[in-house]
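*Asks:* Enclosed is the structure file final-v3.cif (mmCIF, C-alpha atoms).
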```cif
data_target
#
loop_
_atom_site.label_atom_id
_atom_site.label_comp_id
_atom_site.auth_asym_id
_atom_site.auth_seq_id
_atom_site.Cartn_x
_atom_site.Cartn_y
_atom_site.Cartn_z
CA MET A 1 25.64 112.54 -32.23
CA ASP A 2 23.07 111.40 -29.68
CA THR A 3 20.69 108.47 -29.95
CA THR A 4 17.66 110.74 -30.47
CA ASN A 5 19.20 112.35 -33.55
CA ASN A 6 20.19 108.93 -34.88
CA LYS A 7 16.59 107.75 -34.56
CA ARG A 8 15.37 110.92 -36.28
CA TYR A 9 17.67 110.34 -39.26
CA VAL A 10 16.31 106.81 -39.54
CA ALA A 11 12.72 108.07 -39.31
CA ILE A 12 13.30 110.69 -42.01
CA GLY A 13 15.07 108.15 -44.19
CA LEU A 14 12.21 105.66 -43.93
CA MET A 15 9.72 108.43 -44.66
CA LEU A 16 11.68 109.42 -47.78
CA PHE A 17 11.72 105.81 -48.90
CA ALA A 18 7.96 105.46 -48.35
CA ILE A 19 7.30 108.65 -50.33
CA LEU A 20 9.49 107.71 -53.28
CA PHE A 21 8.80 103.99 -53.46
CA GLY A 22 5.61 102.68 -55.01
CA ALA A 23 4.49 99.48 -56.64
CA GLY A 24 4.90 101.10 -60.05
CA ASN A 25 8.64 101.42 -59.42
CA LEU A 26 8.93 97.64 -59.49
CA ILE A 27 7.96 97.18 -63.12
CA PHE A 28 10.67 99.32 -64.70
CA PRO A 29 13.80 97.68 -63.25
CA ALA A 30 12.22 94.27 -63.99
CA SER A 31 11.62 95.17 -67.62
CA MET A 32 15.05 96.79 -67.88
CA GLY A 33 16.69 93.66 -66.46
CA GLN A 34 15.08 91.49 -69.13
CA ALA A 35 16.30 93.73 -71.94
CA ALA A 36 19.76 94.41 -70.48
CA GLY A 37 20.54 90.74 -69.87
CA GLU A 38 24.23 90.27 -69.17
CA ASN A 39 24.69 94.05 -68.92
CA TYR A 40 22.04 94.57 -66.25
CA TRP A 41 24.75 95.77 -63.84
CA TRP A 42 25.55 98.73 -66.09
CA ALA A 43 21.88 99.47 -66.74
CA PHE A 44 21.28 99.40 -63.00
CA ILE A 45 23.97 102.05 -62.44
CA GLY A 46 22.32 104.35 -64.97
CA PHE A 47 18.88 103.65 -63.53
CA CYS A 48 20.06 104.67 -60.08
CA ILE A 49 21.27 108.05 -61.37
CA THR A 50 17.78 109.16 -62.37
CA GLY A 51 15.64 106.79 -60.33
CA VAL A 52 17.45 107.21 -57.01
CA GLY A 53 19.98 110.05 -57.11
CA LEU A 54 17.84 112.73 -58.73
CA PRO A 55 14.88 112.41 -56.32
CA LEU A 56 17.25 112.82 -53.38
CA LEU A 57 18.98 115.79 -55.00
CA ALA A 58 15.63 117.41 -55.84
CA ILE A 59 14.53 117.31 -52.20
CA MET A 60 17.94 118.52 -51.00
CA ALA A 61 17.96 121.35 -53.56
CA MET A 62 14.56 122.62 -52.42
CA GLY A 63 15.68 122.59 -48.80
CA TYR A 64 19.03 124.18 -49.60
CA ALA A 65 17.49 126.97 -51.69
CA GLY A 66 14.70 127.64 -49.20
CA CYS A 67 11.88 127.32 -51.75
CA ASN A 68 8.35 126.75 -50.48
CA ASP A 69 7.15 124.80 -53.51
CA LEU A 70 7.97 123.84 -57.09
CA GLN A 71 6.19 126.82 -58.63
CA GLU A 72 8.33 129.20 -56.60
CA ALA A 73 11.53 127.32 -57.53
CA ALA A 74 10.83 127.11 -61.28
CA GLY A 75 9.45 130.66 -61.17
CA ARG A 76 12.95 131.97 -60.54
CA ALA A 77 13.41 131.71 -64.31
CA HIS A 78 10.08 133.49 -64.93
CA PRO A 79 6.71 133.35 -63.11
CA ILE A 80 4.90 132.17 -66.25
CA TYR A 81 7.42 129.38 -66.75
CA GLY A 82 7.11 128.45 -63.08
CA LEU A 83 3.35 128.04 -63.49
CA PHE A 84 3.72 126.14 -66.77
CA TYR A 85 6.29 123.68 -65.47
CA THR A 86 4.43 123.05 -62.23
CA VAL A 87 1.19 122.30 -64.07
CA VAL A 88 3.02 119.91 -66.41
CA VAL A 89 4.57 118.12 -63.44
CA TYR A 90 1.26 117.80 -61.59
CA MET A 91 -0.48 116.49 -64.69
CA SER A 92 2.36 113.99 -65.21
CA ILE A 93 2.28 112.62 -61.67
CA GLY A 94 -1.49 112.95 -61.71
CA PRO A 95 -4.26 112.08 -64.17
CA CYS A 96 -2.20 111.88 -67.35
CA PHE A 97 0.29 109.19 -66.38
CA ALA A 98 0.99 108.23 -62.77
CA ILE A 99 -2.58 107.77 -61.50
CA PRO A 100 -3.74 105.67 -64.50
CA ARG A 101 -0.51 103.68 -64.11
CA THR A 102 -1.38 102.74 -60.53
CA GLY A 103 -4.62 101.14 -61.71
CA THR A 104 -3.06 99.30 -64.65
CA VAL A 105 -0.06 98.07 -62.62
CA ALA A 106 -2.43 96.79 -59.93
CA TYR A 107 -4.40 94.95 -62.61
CA GLU A 108 -1.38 93.50 -64.43
CA ILE A 109 0.25 92.18 -61.24
CA GLY A 110 -2.74 91.62 -58.98
CA ILE A 111 -5.50 90.34 -61.29
CA ARG A 112 -4.30 89.57 -64.83
CA PRO A 113 -2.14 86.50 -63.95
CA PHE A 114 -5.28 84.72 -62.71
CA LEU A 115 -7.47 85.43 -65.76
CA SER A 116 -7.66 83.66 -69.08
CA ASP A 117 -6.81 85.59 -72.25
CA GLY A 118 -10.43 85.57 -73.32
CA ILE A 119 -11.65 87.75 -70.45
CA ALA A 120 -8.52 89.85 -69.88
CA GLU A 121 -9.85 92.91 -71.72
CA THR A 122 -13.23 92.82 -69.99
CA GLY A 123 -11.44 92.23 -66.71
CA LEU A 124 -9.48 95.46 -67.16
CA TRP A 125 -12.67 97.50 -67.58
CA VAL A 126 -14.34 95.96 -64.54
CA PHE A 127 -11.25 96.22 -62.37
CA LEU A 128 -10.51 99.86 -63.23
CA VAL A 129 -14.11 100.86 -62.50
CA LEU A 130 -13.88 99.32 -59.03
CA PHE A 131 -10.33 100.58 -58.44
CA PHE A 132 -11.09 104.20 -59.27
CA VAL A 133 -14.48 104.24 -57.52
CA VAL A 134 -12.70 103.26 -54.31
CA SER A 135 -9.88 105.74 -55.04
CA TYR A 136 -12.36 108.58 -55.47
CA TRP A 137 -14.36 107.63 -52.39
CA LEU A 138 -11.31 107.65 -50.12
CA ALA A 139 -9.65 110.67 -51.76
CA ALA A 140 -12.82 112.77 -51.59
CA SER A 141 -13.22 111.98 -47.92
CA PRO A 142 -9.67 111.73 -46.54
CA GLN A 143 -9.49 109.46 -43.54
CA LYS A 144 -6.71 108.53 -41.13
CA LEU A 145 -7.37 104.92 -42.06
CA VAL A 146 -5.74 105.50 -45.47
CA ASP A 147 -2.55 106.84 -43.85
CA ARG A 148 -2.45 103.95 -41.39
CA VAL A 149 -3.00 101.37 -44.10
CA GLY A 150 -0.25 103.03 -46.14
CA LYS A 151 2.16 102.81 -43.22
CA LEU A 152 1.44 99.09 -42.94
CA LEU A 153 1.57 98.40 -46.67
CA THR A 154 5.05 99.76 -47.32
CA PRO A 155 6.73 97.41 -44.78
CA ALA A 156 4.53 94.54 -45.99
CA LEU A 157 5.48 95.16 -49.62
CA VAL A 158 9.17 95.40 -48.72
CA LEU A 159 9.03 92.16 -46.69
CA THR A 160 7.35 90.39 -49.60
CA LEU A 161 10.04 91.65 -51.95
CA VAL A 162 12.77 90.56 -49.54
CA ALA A 163 11.29 87.05 -49.58
CA LEU A 164 11.09 87.13 -53.39
CA ILE A 165 14.70 88.35 -53.65
CA ALA A 166 16.00 85.79 -51.13
CA LYS A 167 14.26 82.96 -52.98
CA SER A 168 15.65 84.17 -56.33
CA ILE A 169 19.17 84.08 -54.87
CA VAL A 170 18.78 80.57 -53.45
CA THR A 171 17.06 79.20 -56.57
CA PRO A 172 17.77 81.49 -59.55
CA LEU A 173 15.20 81.50 -62.32
CA GLY A 174 17.85 80.91 -65.00
CA GLU A 175 20.97 82.22 -66.71
CA VAL A 176 21.12 85.82 -67.90
CA GLN A 177 20.81 86.22 -71.67
CA VAL A 178 22.55 88.34 -74.29
CA ALA A 179 21.64 92.02 -74.03
CA GLN A 180 19.35 93.67 -76.56
CA ALA A 181 20.75 96.36 -78.88
CA ALA A 182 19.93 99.31 -76.62
CA TYR A 183 22.03 97.68 -73.88
CA ALA A 184 24.72 96.19 -76.13
CA ASP A 185 27.74 97.34 -74.09
CA GLY A 186 28.53 98.99 -70.77
CA LEU A 187 28.23 102.59 -72.03
CA THR A 188 25.00 102.18 -73.98
CA ALA A 189 23.48 100.10 -71.16
CA THR A 190 24.32 102.81 -68.62
CA VAL A 191 22.88 105.59 -70.78
CA GLN A 192 19.74 103.56 -71.49
CA GLY A 193 19.47 102.88 -67.76
CA VAL A 194 19.52 106.64 -67.16
CA LEU A 195 16.63 107.04 -69.61
CA ASP A 196 14.77 104.08 -68.08
CA GLY A 197 15.01 105.77 -64.69
CA TYR A 198 12.90 108.64 -66.04
CA ASN A 199 9.89 106.32 -65.96
CA THR A 200 9.75 106.22 -62.17
CA LEU A 201 8.64 109.91 -62.17
CA ASP A 202 10.32 110.13 -58.75
CA ALA A 203 12.59 113.11 -59.51
CA ILE A 204 9.73 115.40 -60.53
CA ALA A 205 7.48 114.02 -57.78
CA ALA A 206 10.26 114.76 -55.28
CA PHE A 207 9.90 118.49 -56.03
CA VAL A 208 6.25 118.24 -55.05
CA PHE A 209 6.93 116.30 -51.85
CA ALA A 210 9.97 118.38 -50.85
CA THR A 211 7.89 120.75 -48.72
CA LEU A 212 6.66 117.84 -46.61
CA VAL A 213 10.21 116.56 -46.09
CA THR A 214 11.73 119.91 -45.17
CA ASN A 215 8.90 120.64 -42.75
CA PHE A 216 9.52 117.30 -41.08
CA VAL A 217 13.21 118.18 -40.72
CA LYS A 218 12.40 121.64 -39.33
CA GLU A 219 10.13 120.11 -36.73
CA GLY A 220 13.17 118.23 -35.49
CA GLY A 221 14.94 121.49 -34.69
CA ALA A 222 16.86 122.32 -37.89
CA LYS A 223 16.74 126.06 -38.57
CA THR A 224 19.35 127.12 -41.14
CA THR A 225 19.35 125.98 -44.75
CA SER A 226 22.67 124.21 -44.20
CA GLU A 227 21.25 122.26 -41.23
CA ILE A 228 18.17 121.29 -43.24
CA ALA A 229 20.23 120.18 -46.23
CA SER A 230 22.61 118.23 -43.98
CA GLN A 231 19.82 116.33 -42.23
CA VAL A 232 18.05 115.53 -45.49
CA TYR A 233 21.33 114.28 -46.94
CA LYS A 234 22.16 112.01 -44.00
CA SER A 235 18.70 110.53 -43.76
CA GLY A 236 18.50 110.33 -47.54
CA ILE A 237 21.34 107.81 -47.57
CA ILE A 238 18.95 105.37 -45.88
CA ALA A 239 16.27 105.92 -48.55
CA VAL A 240 18.81 105.74 -51.39
CA SER A 241 20.31 102.51 -50.05
CA LEU A 242 16.91 100.81 -49.75
CA LEU A 243 15.82 101.92 -53.22
CA ALA A 244 19.11 100.89 -54.81
CA VAL A 245 19.11 97.42 -53.22
CA ILE A 246 15.53 96.73 -54.34
CA TYR A 247 16.13 98.06 -57.85
CA PHE A 248 19.26 95.94 -58.26
CA PHE A 249 17.69 92.65 -57.25
CA ILE A 250 14.50 93.27 -59.22
CA ALA A 251 16.66 93.98 -62.28
CA LYS A 252 18.59 90.78 -61.55
CA ILE A 253 15.35 88.78 -61.35
CA GLY A 254 14.29 90.30 -64.68
CA ALA A 255 17.62 89.39 -66.29
CA GLU A 256 17.38 85.79 -65.08
CA SER A 257 13.70 85.32 -65.98
CA VAL A 258 13.89 85.36 -69.79
CA VAL A 259 14.62 81.65 -70.27
CA LEU A 260 11.71 80.62 -68.04
CA ILE A 261 8.97 83.14 -68.90
CA GLY A 262 10.23 84.72 -72.13
CA MET A 263 10.40 88.42 -72.99
CA GLN A 264 7.40 90.34 -71.65
CA GLU A 265 5.91 93.59 -72.94
CA THR A 266 6.15 95.32 -69.54
CA GLY A 267 7.69 94.64 -66.15
CA ALA A 268 4.37 93.79 -64.50
CA PRO A 269 4.05 90.25 -65.91
CA VAL A 270 7.80 89.75 -65.30
CA LEU A 271 7.26 90.29 -61.59
CA ALA A 272 3.97 88.37 -61.41
CA LYS A 273 5.23 85.33 -63.33
CA SER A 274 8.53 85.32 -61.46
CA ALA A 275 6.68 85.29 -58.13
CA MET A 276 4.53 82.42 -59.36
CA ALA A 277 7.59 80.47 -60.53
CA LEU A 278 9.42 81.02 -57.24
CA PHE A 279 6.57 80.55 -54.75
CA GLY A 280 3.70 79.01 -56.67
CA ASN A 281 0.15 80.35 -56.60
CA LEU A 282 0.26 81.25 -52.91
CA GLY A 283 3.23 83.55 -53.38
CA ALA A 284 1.65 85.14 -56.43
CA VAL A 285 -1.60 85.75 -54.52
CA LEU A 286 0.27 87.38 -51.61
CA LEU A 287 2.28 89.63 -53.91
CA SER A 288 -0.88 90.51 -55.86
CA PHE A 289 -2.79 91.49 -52.74
CA ILE A 290 -0.06 93.73 -51.36
CA VAL A 291 0.73 95.39 -54.70
CA LEU A 292 -2.97 96.01 -55.32
CA LEU A 293 -3.42 97.80 -51.98
CA ALA A 294 -0.15 99.69 -52.38
CA CYS A 295 -1.27 100.95 -55.80
CA LEU A 296 -4.60 101.97 -54.30
CA THR A 297 -3.02 104.07 -51.55
CA THR A 298 -0.69 105.68 -54.12
CA SER A 299 -3.67 106.51 -56.34
CA ILE A 300 -5.52 108.08 -53.41
CA GLY A 301 -2.50 110.17 -52.45
CA LEU A 302 -1.94 111.46 -55.98
CA ILE A 303 -5.62 112.32 -56.52
CA THR A 304 -5.62 114.19 -53.21
CA CYS A 305 -2.39 116.03 -54.01
CA CYS A 306 -3.44 117.12 -57.51
CA SER A 307 -6.96 118.11 -56.45
CA ALA A 308 -5.65 120.28 -53.62
CA TYR A 309 -3.16 122.03 -55.93
CA PHE A 310 -5.62 122.84 -58.72
CA MET A 311 -8.25 123.96 -56.24
CA ARG A 312 -5.74 126.51 -54.91
CA LEU A 313 -4.56 127.46 -58.38
CA VAL A 314 -7.82 127.70 -60.32
CA GLY A 315 -10.68 127.52 -57.85
CA ARG A 316 -14.12 127.36 -59.51
CA LEU A 317 -14.63 123.69 -58.64
CA THR A 318 -14.78 122.24 -55.15
CA TYR A 319 -12.16 119.81 -53.85
CA LYS A 320 -14.51 116.83 -54.36
CA GLN A 321 -15.30 117.96 -57.90
CA TYR A 322 -11.59 118.05 -58.74
CA CYS A 323 -11.24 114.58 -57.23
CA LEU A 324 -14.05 113.34 -59.46
CA LEU A 325 -12.59 115.04 -62.55
CA PHE A 326 -9.11 113.57 -62.08
CA THR A 327 -10.52 110.15 -61.22
CA VAL A 328 -12.62 110.02 -64.41
CA VAL A 329 -9.71 111.20 -66.58
CA SER A 330 -7.40 108.64 -64.94
CA PHE A 331 -9.92 105.87 -65.59
CA LEU A 332 -10.30 106.79 -69.27
CA ILE A 333 -6.54 106.90 -69.81
CA GLY A 334 -6.10 103.68 -67.83
CA MET A 335 -8.34 101.90 -70.31
CA PHE A 336 -5.59 102.16 -72.93
CA GLY A 337 -3.56 99.66 -70.89
CA LEU A 338 -0.21 99.71 -69.14
CA LYS A 339 1.97 99.31 -72.24
CA THR A 340 0.31 102.23 -74.04
CA ILE A 341 0.61 104.44 -70.96
CA ILE A 342 4.31 103.67 -70.59
CA VAL A 343 5.06 104.30 -74.27
CA SER A 344 3.10 107.57 -74.37
CA THR A 345 4.78 108.79 -71.19
CA ILE A 346 8.32 108.60 -72.56
CA PRO A 347 8.22 111.67 -74.89
CA VAL A 348 6.84 113.82 -72.07
CA LEU A 349 9.52 112.60 -69.68
CA MET A 350 12.23 113.32 -72.27
CA PHE A 351 10.98 116.92 -72.14
CA VAL A 352 10.34 117.23 -68.41
CA TYR A 353 13.43 115.55 -66.96
CA PRO A 354 16.15 117.77 -68.51
CA LEU A 355 14.34 120.80 -67.07
CA CYS A 356 14.14 118.99 -63.74
CA VAL A 357 17.88 118.28 -63.71
CA ILE A 358 18.88 121.80 -64.64
CA LEU A 359 16.59 123.26 -61.98
CA ILE A 360 18.37 121.12 -59.39
CA VAL A 361 21.75 122.42 -60.60
CA LEU A 362 20.56 126.03 -60.55
CA LEU A 363 19.14 125.75 -57.04
CA PHE A 364 22.38 124.25 -55.72
CA THR A 365 24.53 126.92 -57.39
CA ASP A 366 22.16 129.81 -56.68
CA LYS A 367 24.60 131.51 -54.30
CA LEU A 368 27.43 131.40 -56.87
CA PHE A 369 25.59 133.85 -59.12
CA GLY A 370 23.69 135.74 -56.45
CA GLY A 371 20.35 134.21 -57.43
CA ARG A 372 20.19 136.41 -60.52
CA GLN A 373 17.19 135.68 -62.70
CA CYS A 374 19.18 136.00 -65.92
CA VAL A 375 21.16 132.82 -65.13
CA TYR A 376 17.96 130.90 -64.39
CA ALA A 377 16.28 132.27 -67.52
CA TRP A 378 19.09 131.67 -70.02
CA THR A 379 19.90 128.20 -68.73
CA THR A 380 16.26 127.17 -68.71
CA ALA A 381 15.63 128.63 -72.17
CA PHE A 382 18.52 126.75 -73.80
CA THR A 383 17.57 123.52 -72.03
CA PHE A 384 13.91 123.99 -72.92
CA VAL A 385 14.68 124.11 -76.65
CA MET A 386 16.64 120.87 -76.73
CA ALA A 387 14.31 119.14 -74.26
CA ALA A 388 11.39 119.97 -76.57
CA VAL A 389 13.34 118.62 -79.56
CA SER A 390 14.13 115.42 -77.65
CA GLY A 391 10.49 114.98 -76.68
CA LEU A 392 9.30 115.49 -80.25
CA GLU A 393 11.85 113.06 -81.67
CA THR A 394 10.91 110.43 -79.09
CA ALA A 395 7.26 110.92 -80.06
CA GLY A 396 8.20 110.08 -83.65
CA VAL A 397 7.95 113.60 -85.07
CA ASN A 398 10.24 114.00 -88.08
CA LEU A 399 12.27 117.17 -87.59
CA GLY A 400 13.92 116.86 -90.99
CA ALA A 401 17.13 118.83 -91.55
CA VAL A 402 17.04 120.23 -88.02
CA GLY A 403 17.08 116.78 -86.50
CA GLU A 404 19.92 115.66 -88.78
CA MET A 405 22.01 118.72 -87.89
CA ILE A 406 21.50 118.12 -84.19
CA LYS A 407 22.61 114.49 -84.50
CA ALA A 408 25.63 115.49 -86.59
CA TYR A 409 26.90 118.47 -84.61
CA VAL A 410 25.55 118.43 -81.05
CA PRO A 411 27.57 116.31 -78.60
CA LEU A 412 25.71 113.46 -76.86
CA ALA A 413 22.79 113.73 -79.31
CA SER A 414 23.11 110.07 -80.28
CA TYR A 415 22.49 109.13 -76.63
CA GLY A 416 19.40 111.32 -76.26
CA LEU A 417 21.33 113.76 -74.04
CA ALA A 418 21.83 116.69 -76.43
CA TRP A 419 20.23 118.96 -73.84
CA ILE A 420 23.35 118.77 -71.65
CA PRO A 421 25.68 120.86 -73.89
CA PHE A 422 22.79 123.26 -74.56
CA ALA A 423 22.25 123.67 -70.82
CA VAL A 424 25.97 124.35 -70.29
CA VAL A 425 25.94 127.01 -73.00
CA GLY A 426 22.83 128.61 -71.51
CA TYR A 427 24.42 128.65 -68.05
CA VAL A 428 27.57 130.34 -69.42
CA VAL A 429 25.50 132.90 -71.36
CA GLY A 430 23.57 133.66 -68.18
CA LEU A 431 26.77 134.22 -66.22
CA VAL A 432 28.16 136.49 -68.95
CA TRP A 433 24.87 138.40 -69.02
CA LYS A 434 25.05 138.82 -65.25
CA VAL A 435 28.49 140.40 -65.50
CA THR A 436 27.97 142.58 -68.59
CA VAL A 437 24.35 143.74 -68.35
CA PRO A 438 23.44 146.25 -65.63
CA THR A 439 21.11 145.00 -62.91
CA THR A 440 17.49 146.00 -63.51
CA LYS A 441 14.29 145.13 -61.78
CA CYS A 442 12.26 142.64 -63.72
CA CYS A 443 9.07 140.60 -63.43
CA CYS A 444 10.22 138.33 -60.63
CA THR A 445 11.47 138.86 -57.10
CA LYS A 446 15.12 138.67 -58.11
CA ALA A 447 17.01 141.26 -60.11
CA CYS A 448 17.91 140.05 -63.60
#
```
Rewrite the structure from the file as structure tokens, please.

*Replies:*
Amino acid sequence: MDTTNNKRYVAIGLMLFAILFGAGNLIFPASMGQAAGENYWWAFIGFCITGVGLPLLAIMAMGYAGCNDLQEAAGRAHPIYGLFYTVVVYMSIGPCFAIPRTGTVAYEIGIRPFLSDGIAETGLWVFLVLFFVVSYWLAASPQKLVDRVGKLLTPALVLTLVALIAKSIVTPLGEVQVAQAAYADGLTATVQGVLDGYNTLDAIAAFVFATLVTNFVKEGGAKTTSEIASQVYKSGIIAVSLLAVIYFFIAKIGAESVVLIGMQETGAPVLAKSAMALFGNLGAVLLSFIVLLACLTTSIGLITCCSAYFMRLVGRLTYKQYCLLFTVVSFLIGMFGLKTIIVSTIPVLMFVYPLCVILIVLLFTDKLFGGRQCVYAWTTAFTFVMAAVSGLETAGVNLGAVGEMIKAYVPLASYGLAWIPFAVVGYVVGLVWKVTVPTTKCCCTKAC
């Protein structure tokens, strides 16, 4: 392998890392570390499965299967489902959850530590108004300055974190505490870590950004699907390694911080108070400034991405009008606060992520069943049912006898993973259908 190719793998890997890593990703391993305590190692392993592994696999799957976008990939089950799932994903990484989260994370880490409790609520209103006005202004009139600032902010944020991590190793915040019930032993901590990794939203966002990554690889000379998948895999190791290292040490800081700062409602104050304890006010100010700008560039990128998609899909409004619409909605949701946003996101993620995982599996195994729509459709249908049940249960909906039967008879139900056996059954049914039912032309491009 020549030096040029080596440099290209590094460039792609760093680009993948920059795409997947945002300031919001910091709060979840920090919060998880506090709750996992002595079992943070096991929780970290689970977190990496969904917070690191799945995003990489999603991008690889799109490149391997040769799909142009998420709607095309999910549409292999049915065009209507492809549209539905894509809209849900864009709304999740857009105005419903991810964009409001950028504003609230920026406030909790960048501004809240320096305000008294008496003006914290008013401060949130004022800050979000300013934050989203700037977000709209820059998203509605895209400028190269935003891209350049983003390229500077990612290294700056990483360097700041490296300093924070190094300081926490030299002078630990304290001893790790006993794990909370959800992380009581290695198995439960790992499973809970898997569920905690959902919060990053990176796996579903990776489907959206996959086109950008594969185009970047193709520009380097890769032509066949195997070459594209191979290059994404090799460069992805760089991104995965960086993400995993940062997640581990942030979780470690969280686990060691409980004695000094107590249990916090979210990971944002964990990070802010830990930085203040390790570096004093100057360190906290530096971290606040960088996180604030990083959240701003993420907000701009997500508003731009969602506005462009819905303008293509629906039309009617102009690009700037969509930017304004999503900015206003994000502001209104952001006013509920970071904790409320995180809690309300979980039921949706419990529905979206199983469908994300099974789509990855189907795209990777597409050639094994000749790309037949029936396998996509049956697998997705079975997974959809249990994913919906999981989402409703997480939202606190009482399913009565149905819920009790699922817990009693469906494997892995007690861990919140009942969708896995359902997905396996759906996949088998699809394969049997493929063999036994004659091929007919159906509503999608593939025979069913």

*Asks:* Counting all atoms listed in the file, what is within 9 Å of range 336-342 of chain A, bar same-chain residues fewer than 5 positions away, as a ChimeraX atom specification?

*Replies:* /A:96-97,100-101,103-105,108,124,199,265-266,268

*Asks:* Produce a file of the selected residues containing C-alpha atoms, as a PDB file, in the coordinates of the input.

*Replies:*
```pdb
ATOM      1  CA  CYS A  96      -2.200 111.880 -67.350  1.00  0.00           C
ATOM      2  CA  PHE A  97       0.290 109.190 -66.380  1.00  0.00           C
ATOM      3  CA  PRO A 100      -3.740 105.670 -64.500  1.00  0.00           C
ATOM      4  CA  ARG A 101      -0.510 103.680 -64.110  1.00  0.00           C
ATOM      5  CA  GLY A 103      -4.620 101.140 -61.710  1.00  0.00           C
ATOM      6  CA  THR A 104      -3.060  99.300 -64.650  1.00  0.00           C
ATOM      7  CA  VAL A 105      -0.060  98.070 -62.620  1.00  0.00           C
ATOM      8  CA  GLU A 108      -1.380  93.500 -64.430  1.00  0.00           C
ATOM      9  CA  LEU A 124      -9.480  95.460 -67.160  1.00  0.00           C
ATOM     10  CA  ASN A 199       9.890 106.320 -65.960  1.00  0.00           C
ATOM     11  CA  GLU A 265       5.910  93.590 -72.940  1.00  0.00           C
ATOM     12  CA  THR A 266       6.150  95.320 -69.540  1.00  0.00           C
ATOM     13  CA  ALA A 268       4.370  93.790 -64.500  1.00  0.00           C
TER      14      ALA A 268
END
```

*Asks:* Can you build me a table of range 16-128 of chain A residues sitting at most 6 Å from range 178-197 of chain A, with the closest atom pair per residue and its distance in Å to one decimal, using only C-alpha atoms, sorted by chain and residue number, as a Markdown table?

*Replies:*
```
| residue | atom | partner | partner_atom | distance |
| --- | --- | --- | --- | --- |
| A:Ala35 | CA | A:Gln180 | CA | 5.5 |
| A:Ala36 | CA | A:Ala179 | CA | 4.7 |
| A:Gly37 | CA | A:Ala179 | CA | 4.5 |
| A:Glu38 | CA | A:Val178 | CA | 5.7 |
| A:Trp42 | CA | A:Thr190 | CA | 5.0 |
| A:Ala43 | CA | A:Gly193 | CA | 4.3 |
| A:Gly46 | CA | A:Val194 | CA | 4.2 |
| A:Phe47 | CA | A:Gly193 | CA | 4.3 |
| A:Thr50 | CA | A:Gly197 | CA | 5.0 |
| A:Gly51 | CA | A:Gly197 | CA | 4.5 |
```

*Asks:* On this structure, which residues satisfy the PyMOL selection byres ((chain A and resi 411-420) around 7), written as JSON, numbers by chain?

*Replies:* {"A": [191, 354, 383, 386, 387, 390, 406, 407, 409, 410, 421, 422, 423, 424]}

*Asks:* Could you tell me which residues the PyMOL selection byres ((chain A and resi 215) around 12) grabs in this file, written as a list of chain:residue names?

*Replies:*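 Applied to this file, the PyMOL selection byres ((chain A and resi 215) around 12) selects A:Ile12, A:Ile59, A:Met62, A:Gly63, A:Gly66, A:Cys67, A:Asn68, A:Asp69, A:Phe209, A:Ala210, A:Thr211, A:Leu212, A:Val213, A:Thr214, A:Phe216, A:Val217, A:Lys218, A:Glu219, A:Gly220, A:Gly221, A:Ala222, A:Lys223, A:Thr225, A:Ile228, A:Ala229, A:Gln231, A:Val232.
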
*Asks:* Using all atoms listed in the file, can you tell me which of A:Ala65, A:Leu14, A:Leu368, A:Ile333 comes closest to Ser235 in chain A?

*Replies:*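 Using all atoms listed in the file, Ser235 in chain A sits closest to A:Leu14.
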
*Asks:* Between A:Asn281, A:Thr436, A:Ser307, A:Thr345, which one has atoms that come closest to Gly110 in chain A, using only C-alpha atoms?

*Replies:*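 Closest to Gly110 in chain A, using only C-alpha atoms: A:Asn281.
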
*Asks:* CA of Pro55 in chain A and CA of Gln373 in chain A, how far apart in Å?

*Replies:*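 Separating CA of Gln373 in chain A from CA of Pro55 in chain A is a distance of 24.2 Å.
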
*Asks:* Quick one: residues within 6 Å of Glu256 in chain A, only C-alpha atoms, excluding same-chain residues fewer than 3 positions away - as a list in words?

*Replies:*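 Counting only the stated atoms, we get Leu173, Gly174, Glu175, Val176 and Ile253 of chain A.
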
*Asks:* I need the chosen residues saved as a tab-separated table (two decimals), keeping the file's coordinate frame, with C-alpha atoms.

*Replies:*
```
chain	number	residue	atom	x	y	z
A	173	LEU	CA	15.20	81.50	-62.32
A	174	GLY	CA	17.85	80.91	-65.00
A	175	GLU	CA	20.97	82.22	-66.71
A	176	VAL	CA	21.12	85.82	-67.90
A	253	ILE	CA	15.35	88.78	-61.35
```

*Asks:* Apply the PyMOL selection byres ((chain A and resi 208) around 12) to the structure shown and report the selected residues as an MDAnalysis selection string.

*Replies:* chainID A and resid 19:20 55 58:59 62 67:74 85:94 201:207 209:214 302 305:306 309 356

*Asks:* Check the smallest atom-to-atom distance from each of A:Leu317, A:Val258, A:Met32, A:Leu138 to Pro172 in chain A using all atoms listed in the file, then report the winner.

*Replies:*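 Of A:Leu317, A:Val258, A:Met32, A:Leu138, the one nearest Pro172 in chain A, counting all atoms listed in the file, is A:Val258.
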
*Asks:* How far is it from CA of Phe127 in chain A to CA of Leu161 in chain A, in Å with one decimal?

*Replies:*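 Computed distance, CA of Phe127 in chain A to CA of Leu161 in chain A, equals 24.1 Å.
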
*Asks:* Mind giving me the straight-line distance from CA of Ala284 in chain A to CA of Leu128 in chain A in Å, one decimal?

*Replies:*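 According to the coordinates, CA of Ala284 in chain A and CA of Leu128 in chain A are separated by 20.3 Å.
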